[in-house]
Amino acid sequence: MTIEVVKLAEPLLAEVKGIDISEPLDAEAADAVNRAFLDHCVLVFRDQAITAGQMVEFEHVFGPPLPHITKKYTHPEFEELIVMTNLNEKGEVDPFESDRGVGWHTDMCYLEQPAKATMLHTLEIPDEGGDTLFANMYLALEEMPSALHKRLEGKRGTFRYGGKSATERQKRLDAKDREAPLVDHPIIRLHQDSGRYSVYVNPTHTIGIVGMSEAEGDALLAEVYEWCGQQRYQGRHEWRMKDTVIWDNRCTWHSATGENPLRQRRRFLRGTITDM
Ligand SMILES: [Fe+2]
């Protein structure tokens, strides 16, 4: 197996070719994939006809899978996976479900031990739209004006699932998770595997800055988001059937576009990988 890594966009995103992820990877292949993951932040594996079980196996190449806190969507056979869908219980395309994942965020940053990575595999995609955007938070930090950078040093952001306007999203959670205490993480956070720092707060799940008033915190976060939200840090993934994609939640933001002009079905298998 000769693995080839091809860059897809300048700030992040690469395709890994010459690999069949339905088969167990040997140590050399697993190393190559993990190196590419650290270098490019988002990896795309095309034409992978994998089952849910094979996806769980492939997650282990990156680390231990972590079940998601929205139990409503848990896969019937594998508790490590959820089925992400824009369909409601009646199987109809639903506007509320269609908006899931729209808005810049990182996954499970509201946990004490946040998610390392998220993996998606296509089950059904619309003929048009439905792209996913990614943004490189290493780069956003590297290029950040020093005055803004200095104001963030040593500061911690507070996180909650769904952020301040959490009511609708929180209805999906079990009572114990709805009432979970707030957690905080450094705004400029060290990536344990790369040894690099990146911006960790995000507009969806961060609700404030520890030790600052709500107004002060909101104002500073708004400046950070304006900086980090610039187009030059972004890459776009246009989904094809049999795509498997993994991204690094520690150094990227992502957002669904929510565009689905033909109002077609969109379903993915999703797995999350923890840092431990
Ligand atoms: Fe997400």
# chains A, B, ... in the order shown; residues from 1 in each chain; ligands from 1

call {"tool": "residues_near_ligand", "arguments": {"ligand": "ligand 1", "cutoff": "7 Å", "atoms": "only C-alpha atoms and all ligand atoms", "output": "ChimeraX atom specification"}}
result
/A:101,105-107,254-255

call {"tool": "write_last_selection", "arguments": {"atoms": "C-alpha atoms", "output": "PDB file, in the first residue's frame"}}
result
ATOM      1  CA  GLY A 101     -23.977  22.192  12.532  1.00  0.00           C
ATOM      2  CA  HIS A 105     -17.671  25.616  16.061  1.00  0.00           C
ATOM      3  CA  THR A 106     -15.517  22.742  17.269  1.00  0.00           C
ATOM      4  CA  ASP A 107     -17.123  19.526  18.453  1.00  0.00           C
ATOM      5  CA  HIS A 254     -16.005  23.838  11.008  1.00  0.00           C
ATOM      6  CA  SER A 255     -19.485  24.786   9.852  1.00  0.00           C
TER       7      SER A 255
END

call {"tool": "select_by_dssp", "arguments": {"residues": "segment 2-130 of chain A", "states": "strand (DSSP E)", "output": "MDAnalysis selection string"}}
result
chainID A and resid 4:7 14:17 42:45 81:85 115:124

call {"tool": "closest_residue", "arguments": {"among": "A:Glu89, A:Glu223, A:Asp184, A:Glu112", "to": "His149 of chain A", "atoms": "only C-alpha atoms"}}
result
A:Glu223

call {"tool": "atom_distance", "arguments": {"atom1": "atom CA of Met55 of chain A", "atom2": "atom CA of Gly103 of chain A"}}
result
26.1 Å

call {"tool": "closest_residue", "arguments": {"among": "A:Leu38, A:Met108, A:Met144, A:Leu120", "to": "Val83 of chain A", "atoms": "only C-alpha atoms"}}
result
A:Leu120
